[in-house]
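Have a look at final02.cif below; it lists mmCIF, C-alpha atoms.
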```cif
data_input
loop_
_atom_site.label_atom_id
_atom_site.label_comp_id
_atom_site.auth_asym_id
_atom_site.auth_seq_id
_atom_site.Cartn_x
_atom_site.Cartn_y
_atom_site.Cartn_z
CA MET U 1 -12.73 24.72 3.28
CA PRO U 2 -12.21 21.15 4.54
CA THR U 3 -8.69 19.86 5.05
CA ALA U 4 -7.35 17.76 2.19
CA LEU U 5 -6.90 14.07 2.94
CA LEU U 6 -3.35 12.74 3.10
CA GLN U 7 -2.93 10.71 -0.08
CA THR U 8 0.20 8.79 0.93
CA PRO U 9 0.28 8.08 4.65
CA GLU U 10 3.26 6.28 6.12
CA SER U 11 4.24 4.66 9.36
CA THR U 12 7.15 2.73 10.80
CA HIS U 13 7.13 -0.83 12.07
CA ARG U 14 9.73 -2.98 13.82
CA VAL U 15 10.45 -6.41 12.32
CA TYR U 16 9.93 -9.03 15.02
CA LEU U 17 11.85 -12.28 15.35
CA GLN U 18 8.65 -14.36 15.29
CA ASP U 19 7.98 -13.01 11.77
CA CYS U 20 11.38 -14.00 10.39
CA ASP U 21 12.86 -17.09 8.77
CA MET U 22 15.98 -18.83 10.08
CA LEU U 23 18.18 -16.30 8.24
CA GLY U 24 16.60 -13.44 10.18
CA HIS U 25 14.75 -12.14 7.10
CA LEU U 26 11.09 -11.20 7.25
CA ASN U 27 9.14 -14.22 5.98
CA ASN U 28 7.67 -13.59 2.52
CA ALA U 29 4.11 -14.27 3.70
CA ARG U 30 4.50 -11.81 6.59
CA TYR U 31 5.17 -8.93 4.17
CA LEU U 32 1.48 -9.12 3.27
CA ASP U 33 0.51 -8.91 6.94
CA TYR U 34 2.78 -5.91 7.53
CA PHE U 35 1.44 -4.14 4.43
CA LEU U 36 -2.24 -4.84 5.08
CA ASN U 37 -2.00 -3.96 8.79
CA ALA U 38 -0.29 -0.68 7.90
CA ARG U 39 -3.01 0.15 5.36
CA GLU U 40 -5.74 -0.56 7.88
CA ASP U 41 -3.96 1.68 10.41
CA HIS U 42 -3.63 4.40 7.78
CA THR U 43 -7.31 4.29 6.77
CA THR U 44 -8.41 4.41 10.41
CA GLN U 45 -6.01 7.17 11.45
CA HIS U 46 -6.10 9.42 8.40
CA TYR U 47 -9.57 8.85 6.92
CA ALA U 48 -11.62 7.83 9.99
CA LEU U 49 -12.58 4.77 7.96
CA ASN U 50 -13.16 1.64 10.02
CA LEU U 51 -13.44 -1.19 7.49
CA GLY U 52 -15.48 -3.41 9.84
CA GLN U 53 -17.98 -0.66 10.56
CA LEU U 54 -18.19 0.20 6.87
CA ALA U 55 -19.08 -3.41 6.06
CA GLN U 56 -21.83 -3.37 8.70
CA GLN U 57 -23.24 0.02 7.70
CA GLN U 58 -23.24 -0.57 3.94
CA ASN U 59 -23.54 -4.36 3.93
CA ALA U 60 -20.51 -4.28 1.65
CA GLY U 61 -16.75 -4.22 1.91
CA TRP U 62 -13.55 -4.68 -0.05
CA VAL U 63 -12.09 -8.10 -0.69
CA ILE U 64 -8.69 -8.72 -2.21
CA THR U 65 -8.84 -10.23 -5.67
CA LYS U 66 -5.16 -10.11 -6.62
CA HIS U 67 -1.69 -9.20 -5.32
CA HIS U 68 1.42 -8.23 -7.26
CA ILE U 69 4.49 -8.19 -5.02
CA SER U 70 8.16 -7.63 -5.61
CA TYR U 71 10.73 -8.46 -2.92
CA LEU U 72 13.79 -6.27 -3.53
CA ARG U 73 15.83 -6.22 -0.30
CA PRO U 74 15.30 -8.24 2.85
CA ALA U 75 13.70 -6.68 5.90
CA ARG U 76 15.71 -8.05 8.83
CA HIS U 77 14.95 -8.92 12.42
CA GLY U 78 15.05 -5.87 14.67
CA GLU U 79 15.03 -3.43 11.77
CA VAL U 80 12.55 -0.56 11.62
CA VAL U 81 10.85 -0.29 8.23
CA ARG U 82 8.77 2.52 6.78
CA ILE U 83 5.53 1.57 5.00
CA ARG U 84 3.75 3.95 2.62
CA THR U 85 0.32 3.21 1.20
CA GLN U 86 -1.67 4.98 -1.49
CA LEU U 87 -4.65 4.53 -3.76
CA ILE U 88 -3.47 4.47 -7.38
CA HIS U 89 -6.67 3.46 -9.18
CA PHE U 90 -10.39 3.12 -8.56
CA ASP U 91 -13.65 2.79 -10.41
CA ASN U 92 -17.28 2.12 -9.39
CA SER U 93 -16.49 -1.15 -7.60
CA ASN U 94 -12.70 -1.68 -7.61
CA LEU U 95 -9.55 -0.28 -6.01
CA VAL U 96 -5.82 -0.71 -6.50
CA VAL U 97 -3.68 0.18 -3.49
CA GLU U 98 0.08 0.48 -3.80
CA MET U 99 2.14 -0.25 -0.71
CA GLN U 100 5.86 0.33 -0.37
CA MET U 101 8.18 -1.01 2.31
CA LEU U 102 11.33 1.03 2.65
CA HIS U 103 14.37 1.34 4.86
CA GLU U 104 13.62 3.54 7.86
CA ASP U 105 15.15 6.58 6.09
CA GLY U 106 12.62 6.18 3.26
CA LEU U 107 15.34 6.08 0.59
CA ARG U 108 15.82 2.35 -0.05
CA LEU U 109 13.00 0.24 -1.37
CA LYS U 110 12.58 -3.22 0.17
CA ALA U 111 9.29 -4.38 -1.35
CA VAL U 112 6.36 -3.12 -3.39
CA LEU U 113 2.83 -4.50 -3.35
CA TRP U 114 -0.18 -3.75 -5.51
CA SER U 115 -3.40 -5.07 -4.03
CA GLU U 116 -6.47 -5.17 -6.23
CA LEU U 117 -9.75 -5.13 -4.33
CA ALA U 118 -13.40 -5.47 -5.28
CA PHE U 119 -16.29 -3.95 -3.33
CA VAL U 120 -18.77 -6.76 -2.66
CA ARG U 121 -22.01 -7.23 -0.75
CA VAL U 122 -21.48 -9.03 2.56
CA ASP U 123 -24.65 -11.12 2.33
CA SER U 124 -24.20 -12.37 -1.24
CA GLY U 125 -20.56 -11.86 -2.23
CA VAL U 126 -21.77 -10.09 -5.37
CA ARG U 127 -19.87 -7.04 -6.61
CA ALA U 128 -21.41 -3.74 -5.50
CA ASP U 129 -20.94 -0.12 -6.51
CA HIS U 130 -19.26 2.32 -4.17
CA SER U 131 -21.64 4.82 -2.60
CA ASP U 132 -21.48 8.44 -3.73
CA ALA U 133 -19.76 9.37 -0.46
CA LEU U 134 -17.11 6.67 -0.99
CA MET U 135 -16.59 7.80 -4.59
CA ASP U 136 -16.04 11.37 -3.37
CA MET U 137 -13.48 10.19 -0.81
CA LEU U 138 -11.72 7.93 -3.33
CA GLU U 139 -11.50 10.83 -5.76
CA GLN U 140 -9.63 12.84 -3.10
CA LEU U 141 -7.32 9.94 -2.27
CA ASP U 142 -6.40 8.88 -5.81
CA VAL U 143 -2.72 9.62 -6.49
CA GLU U 144 -2.90 10.94 -10.01
CA ASP U 145 0.85 11.12 -10.68
CA VAL U 146 1.02 7.30 -10.64
CA ASP U 147 -0.02 6.05 -14.07
CA TYR U 148 -1.81 2.81 -13.31
CA ASP U 149 -1.60 0.11 -15.95
CA PRO U 150 -2.77 -3.37 -14.88
CA ASP U 151 0.26 -4.85 -16.65
CA GLY U 152 2.68 -2.13 -15.54
CA PHE U 153 3.75 -3.41 -12.12
CA ASP U 154 7.36 -4.21 -13.07
CA GLU U 155 7.78 -0.84 -14.77
CA ARG U 156 6.43 0.92 -11.66
CA VAL U 157 8.98 -0.90 -9.48
CA ARG U 158 11.79 0.19 -11.83
CA ARG U 159 10.61 3.83 -11.70
CA LEU U 160 10.40 3.83 -7.90
CA ARG U 161 13.90 2.40 -7.56
CA LYS U 162 15.26 5.03 -9.96
CA GLU U 163 13.52 7.89 -8.10
CA LEU U 164 14.87 6.73 -4.73
CA LYS U 165 18.38 6.30 -6.13
CA GLN U 166 18.23 9.91 -7.35
CA LEU U 167 17.06 11.10 -3.91
CA ARG U 168 19.97 9.28 -2.26
CA ARG U 169 22.43 10.91 -4.66
CA GLU U 170 20.99 14.34 -3.96
CA GLY U 171 21.32 13.68 -0.21
CA GLU U 172 25.01 12.86 -0.63
CA GLU U 173 25.77 16.17 -2.37
#
```
Once more with this new file: its structure as structure tokens, please.
Amino acid sequence: MPTALLQTPESTHRVYLQDCDMLGHLNNARYLDYFLNAREDHTTQHYALNLGQLAQQQNAGWVITKHHISYLRPARHGEVVRIRTQLIHFDNSNLVVEMQMLHEDGLRLKAVLWSELAFVRVDSGVRADHSDALMDMLEQLDVEDVDYDPDGFDERVRRLRKELKQLRREGEE
């Protein structure tokens, strides 16, 4: 039986001075770079999915259509942050990926991002359907315990914060 794919990969990243504002906080625009770079690393490492090669092979690829982001705590210069990414919704031609930036211990949420993506043809920019093989992979990756609601971003952030607060309390006992 094939090995199950890791639904929620994570990695750590150091916050560099060049990415920070004059207060030493990660610049708001750079959060997107950190999140998207982490997701690309995760798809390459855990799913052997090279997004550039996929676009060439299928003449189609994912483009971002919308971001929802919540900045909760600053990521500071020199700090190591943990980034988790996971697929929380998909259909024939769309994806929603949730990305979380946390303190290095994984117990304090710094930011949450939902990125909505559409699968489009490279030559025309017209929406395309995922191949059967992609649909099979997406089915394995979909995190079913996250109830995706297009208007539920703020509620999801509240739930995550509550879950992490509970984990911190349990760690103190």
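Environment of (10.9, 5.3, -8.2): residues at most 12 Å away, judged by only C-alpha atoms, are U:Gln100, U:Leu102, U:Gly106, U:Leu107, U:Arg108, U:Leu109, U:Ala111, U:Val112, U:Asp145, U:Val146, U:Phe153, U:Asp154, U:Glu155, U:Arg156, U:Val157, U:Arg158, U:Arg159, U:Leu160, U:Arg161, U:Lys162, U:Glu163, U:Leu164, U:Lys165, U:Gln166, U:Leu167, U:Arg168.
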Response to the item:
Among U:Val80, U:Val122, U:Leu87, U:Leu32, Gln57 (chain U) is approached most closely, using only C-alpha atoms, by U:Val122
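Within the 8 Å cut-off around Ala60 (chain U), using all atoms listed in the file and omitting residues fewer than 6 positions from it on the same chain, the listed residues are Leu54, Phe119, Val120, Arg121, Val122 and Ala128 of chain U.
In this structure, CA of Glu40 (chain U) sits 25.6 Å away from CA of Asp151 (chain U).
From CA of Ser115 (chain U) back to CA of Trp62 (chain U), the distance works out to 10.9 Å.
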Discussion item. Considering only C-alpha atoms, can you say which of U:Asp41, U:Glu116, U:Asp132, U:Asp142 comes closest to Leu6 (chain U)?
Written reply: U:Asp142
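For the pair CA of Pro150 (chain U) and CA of Gly125 (chain U), the interatomic distance is 23.4 Å.
With distances restricted to only C-alpha atoms, U:Val63 is the closest residue to Val126 (chain U) from U:Ala75, U:Met101, U:Val63, U:Ile69.
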Neighbouring residues of region 96-99 of chain U were defined as those with any atom within 7 Å, considering all atoms listed in the file; residues of the same chain fewer than 4 positions away were excluded. Please report them as an mmCIF file with C-alpha atoms, in the frame of the given file.
```cif
data_model
loop_
_atom_site.group_PDB
_atom_site.id
_atom_site.type_symbol
_atom_site.label_atom_id
_atom_site.label_comp_id
_atom_site.auth_asym_id
_atom_site.auth_seq_id
_atom_site.Cartn_x
_atom_site.Cartn_y
_atom_site.Cartn_z
ATOM 1 C CA PHE U 35 1.440 -4.140 4.430
ATOM 2 C CA ILE U 83 5.530 1.570 5.000
ATOM 3 C CA ARG U 84 3.750 3.950 2.620
ATOM 4 C CA THR U 85 0.320 3.210 1.200
ATOM 5 C CA GLN U 86 -1.670 4.980 -1.490
ATOM 6 C CA LEU U 87 -4.650 4.530 -3.760
ATOM 7 C CA ILE U 88 -3.470 4.470 -7.380
ATOM 8 C CA HIS U 89 -6.670 3.460 -9.180
ATOM 9 C CA PHE U 90 -10.390 3.120 -8.560
ATOM 10 C CA VAL U 112 6.360 -3.120 -3.390
ATOM 11 C CA LEU U 113 2.830 -4.500 -3.350
ATOM 12 C CA TRP U 114 -0.180 -3.750 -5.510
ATOM 13 C CA SER U 115 -3.400 -5.070 -4.030
ATOM 14 C CA GLU U 116 -6.470 -5.170 -6.230
ATOM 15 C CA LEU U 117 -9.750 -5.130 -4.330
#
```
As a PDB file, in the coordinates of the input, please: region 29-40 of chain U completed to all heavy atoms.
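The resulting file, part_6.pdb, is reproduced below:
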```pdb
ATOM      1  N   ALA U  29       5.544 -14.368   3.426  1.00  0.00           N
ATOM      2  CA  ALA U  29       4.110 -14.270   3.700  1.00  0.00           C
ATOM      3  C   ALA U  29       3.804 -13.148   4.692  1.00  0.00           C
ATOM      4  O   ALA U  29       2.732 -12.531   4.639  1.00  0.00           O
ATOM      5  CB  ALA U  29       3.574 -15.594   4.229  1.00  0.00           C
ATOM      6  N   ARG U  30       4.724 -12.858   5.582  1.00  0.00           N
ATOM      7  CA  ARG U  30       4.500 -11.810   6.590  1.00  0.00           C
ATOM      8  C   ARG U  30       4.544 -10.399   5.995  1.00  0.00           C
ATOM      9  O   ARG U  30       3.987  -9.474   6.572  1.00  0.00           O
ATOM     10  CB  ARG U  30       5.508 -11.945   7.733  1.00  0.00           C
ATOM     11  CG  ARG U  30       5.405 -13.262   8.505  1.00  0.00           C
ATOM     12  CD  ARG U  30       4.114 -13.408   9.257  1.00  0.00           C
ATOM     13  NE  ARG U  30       4.136 -12.460  10.357  1.00  0.00           N
ATOM     14  CZ  ARG U  30       3.061 -11.970  10.947  1.00  0.00           C
ATOM     15  NH1 ARG U  30       1.876 -12.326  10.562  1.00  0.00           N
ATOM     16  NH2 ARG U  30       3.182 -11.116  11.932  1.00  0.00           N
ATOM     17  N   TYR U  31       5.205 -10.240   4.837  1.00  0.00           N
ATOM     18  CA  TYR U  31       5.170  -8.930   4.170  1.00  0.00           C
ATOM     19  C   TYR U  31       3.726  -8.504   3.953  1.00  0.00           C
ATOM     20  O   TYR U  31       3.376  -7.346   4.172  1.00  0.00           O
ATOM     21  CB  TYR U  31       5.892  -8.979   2.818  1.00  0.00           C
ATOM     22  CG  TYR U  31       7.383  -8.857   2.882  1.00  0.00           C
ATOM     23  CD1 TYR U  31       8.186  -9.956   3.169  1.00  0.00           C
ATOM     24  CD2 TYR U  31       8.013  -7.635   2.617  1.00  0.00           C
ATOM     25  CE1 TYR U  31       9.564  -9.855   3.204  1.00  0.00           C
ATOM     26  CE2 TYR U  31       9.399  -7.525   2.650  1.00  0.00           C
ATOM     27  CZ  TYR U  31      10.166  -8.632   2.946  1.00  0.00           C
ATOM     28  OH  TYR U  31      11.532  -8.516   2.984  1.00  0.00           O
ATOM     29  N   LEU U  32       2.895  -9.446   3.502  1.00  0.00           N
ATOM     30  CA  LEU U  32       1.480  -9.120   3.270  1.00  0.00           C
ATOM     31  C   LEU U  32       0.817  -8.639   4.545  1.00  0.00           C
ATOM     32  O   LEU U  32       0.064  -7.664   4.535  1.00  0.00           O
ATOM     33  CB  LEU U  32       0.739 -10.332   2.699  1.00  0.00           C
ATOM     34  CG  LEU U  32       1.175 -10.791   1.306  1.00  0.00           C
ATOM     35  CD1 LEU U  32       0.441 -12.077   0.928  1.00  0.00           C
ATOM     36  CD2 LEU U  32       0.956  -9.710   0.271  1.00  0.00           C
ATOM     37  N   ASP U  33       1.089  -9.334   5.660  1.00  0.00           N
ATOM     38  CA  ASP U  33       0.510  -8.910   6.940  1.00  0.00           C
ATOM     39  C   ASP U  33       0.965  -7.505   7.305  1.00  0.00           C
ATOM     40  O   ASP U  33       0.152  -6.667   7.728  1.00  0.00           O
ATOM     41  CB  ASP U  33       0.907  -9.877   8.060  1.00  0.00           C
ATOM     42  CG  ASP U  33       0.311 -11.255   7.893  1.00  0.00           C
ATOM     43  OD1 ASP U  33      -0.766 -11.387   7.271  1.00  0.00           O
ATOM     44  OD2 ASP U  33       0.928 -12.216   8.396  1.00  0.00           O
ATOM     45  N   TYR U  34       2.258  -7.234   7.174  1.00  0.00           N
ATOM     46  CA  TYR U  34       2.780  -5.910   7.530  1.00  0.00           C
ATOM     47  C   TYR U  34       2.114  -4.838   6.656  1.00  0.00           C
ATOM     48  O   TYR U  34       1.700  -3.785   7.147  1.00  0.00           O
ATOM     49  CB  TYR U  34       4.293  -5.863   7.376  1.00  0.00           C
ATOM     50  CG  TYR U  34       5.072  -6.434   8.541  1.00  0.00           C
ATOM     51  CD1 TYR U  34       4.732  -7.651   9.130  1.00  0.00           C
ATOM     52  CD2 TYR U  34       6.171  -5.769   9.045  1.00  0.00           C
ATOM     53  CE1 TYR U  34       5.460  -8.170  10.186  1.00  0.00           C
ATOM     54  CE2 TYR U  34       6.910  -6.280  10.108  1.00  0.00           C
ATOM     55  CZ  TYR U  34       6.543  -7.482  10.672  1.00  0.00           C
ATOM     56  OH  TYR U  34       7.266  -7.997  11.721  1.00  0.00           O
ATOM     57  N   PHE U  35       2.043  -5.102   5.342  1.00  0.00           N
ATOM     58  CA  PHE U  35       1.440  -4.140   4.430  1.00  0.00           C
ATOM     59  C   PHE U  35      -0.036  -3.908   4.753  1.00  0.00           C
ATOM     60  O   PHE U  35      -0.489  -2.765   4.868  1.00  0.00           O
ATOM     61  CB  PHE U  35       1.547  -4.621   2.981  1.00  0.00           C
ATOM     62  CG  PHE U  35       2.884  -4.368   2.327  1.00  0.00           C
ATOM     63  CD1 PHE U  35       3.524  -5.396   1.650  1.00  0.00           C
ATOM     64  CD2 PHE U  35       3.477  -3.121   2.344  1.00  0.00           C
ATOM     65  CE1 PHE U  35       4.738  -5.175   1.003  1.00  0.00           C
ATOM     66  CE2 PHE U  35       4.689  -2.888   1.712  1.00  0.00           C
ATOM     67  CZ  PHE U  35       5.319  -3.916   1.035  1.00  0.00           C
ATOM     68  N   LEU U  36      -0.801  -4.976   4.879  1.00  0.00           N
ATOM     69  CA  LEU U  36      -2.240  -4.840   5.080  1.00  0.00           C
ATOM     70  C   LEU U  36      -2.573  -4.239   6.446  1.00  0.00           C
ATOM     71  O   LEU U  36      -3.509  -3.431   6.566  1.00  0.00           O
ATOM     72  CB  LEU U  36      -2.936  -6.183   4.886  1.00  0.00           C
ATOM     73  CG  LEU U  36      -2.825  -6.746   3.452  1.00  0.00           C
ATOM     74  CD1 LEU U  36      -3.410  -8.142   3.379  1.00  0.00           C
ATOM     75  CD2 LEU U  36      -3.473  -5.819   2.437  1.00  0.00           C
ATOM     76  N   ASN U  37      -1.796  -4.582   7.470  1.00  0.00           N
ATOM     77  CA  ASN U  37      -2.000  -3.960   8.790  1.00  0.00           C
ATOM     78  C   ASN U  37      -1.701  -2.467   8.734  1.00  0.00           C
ATOM     79  O   ASN U  37      -2.424  -1.660   9.328  1.00  0.00           O
ATOM     80  CB  ASN U  37      -1.154  -4.649   9.848  1.00  0.00           C
ATOM     81  CG  ASN U  37      -1.647  -6.039  10.181  1.00  0.00           C
ATOM     82  OD1 ASN U  37      -2.798  -6.389   9.944  1.00  0.00           O
ATOM     83  ND2 ASN U  37      -0.765  -6.859  10.732  1.00  0.00           N
ATOM     84  N   ALA U  38      -0.631  -2.101   8.031  1.00  0.00           N
ATOM     85  CA  ALA U  38      -0.290  -0.680   7.900  1.00  0.00           C
ATOM     86  C   ALA U  38      -1.410   0.064   7.180  1.00  0.00           C
ATOM     87  O   ALA U  38      -1.817   1.155   7.597  1.00  0.00           O
ATOM     88  CB  ALA U  38       1.035  -0.504   7.169  1.00  0.00           C
ATOM     89  N   ARG U  39      -1.944  -0.532   6.102  1.00  0.00           N
ATOM     90  CA  ARG U  39      -3.010   0.150   5.360  1.00  0.00           C
ATOM     91  C   ARG U  39      -4.254   0.329   6.229  1.00  0.00           C
ATOM     92  O   ARG U  39      -4.889   1.390   6.213  1.00  0.00           O
ATOM     93  CB  ARG U  39      -3.367  -0.608   4.077  1.00  0.00           C
ATOM     94  CG  ARG U  39      -4.418   0.094   3.223  1.00  0.00           C
ATOM     95  CD  ARG U  39      -3.978   1.484   2.781  1.00  0.00           C
ATOM     96  NE  ARG U  39      -5.004   2.143   1.982  1.00  0.00           N
ATOM     97  CZ  ARG U  39      -4.917   3.388   1.559  1.00  0.00           C
ATOM     98  NH1 ARG U  39      -3.860   4.127   1.840  1.00  0.00           N
ATOM     99  NH2 ARG U  39      -5.873   3.919   0.842  1.00  0.00           N
ATOM    100  N   GLU U  40      -4.583  -0.697   6.994  1.00  0.00           N
ATOM    101  CA  GLU U  40      -5.740  -0.560   7.880  1.00  0.00           C
ATOM    102  C   GLU U  40      -5.498   0.544   8.908  1.00  0.00           C
ATOM    103  O   GLU U  40      -6.389   1.356   9.179  1.00  0.00           O
ATOM    104  CB  GLU U  40      -6.047  -1.879   8.583  1.00  0.00           C
ATOM    105  CG  GLU U  40      -7.293  -1.798   9.443  1.00  0.00           C
ATOM    106  CD  GLU U  40      -7.717  -3.117  10.047  1.00  0.00           C
ATOM    107  OE1 GLU U  40      -7.111  -4.159   9.757  1.00  0.00           O
ATOM    108  OE2 GLU U  40      -8.673  -3.093  10.841  1.00  0.00           O
TER     109      GLU U  40
END
```
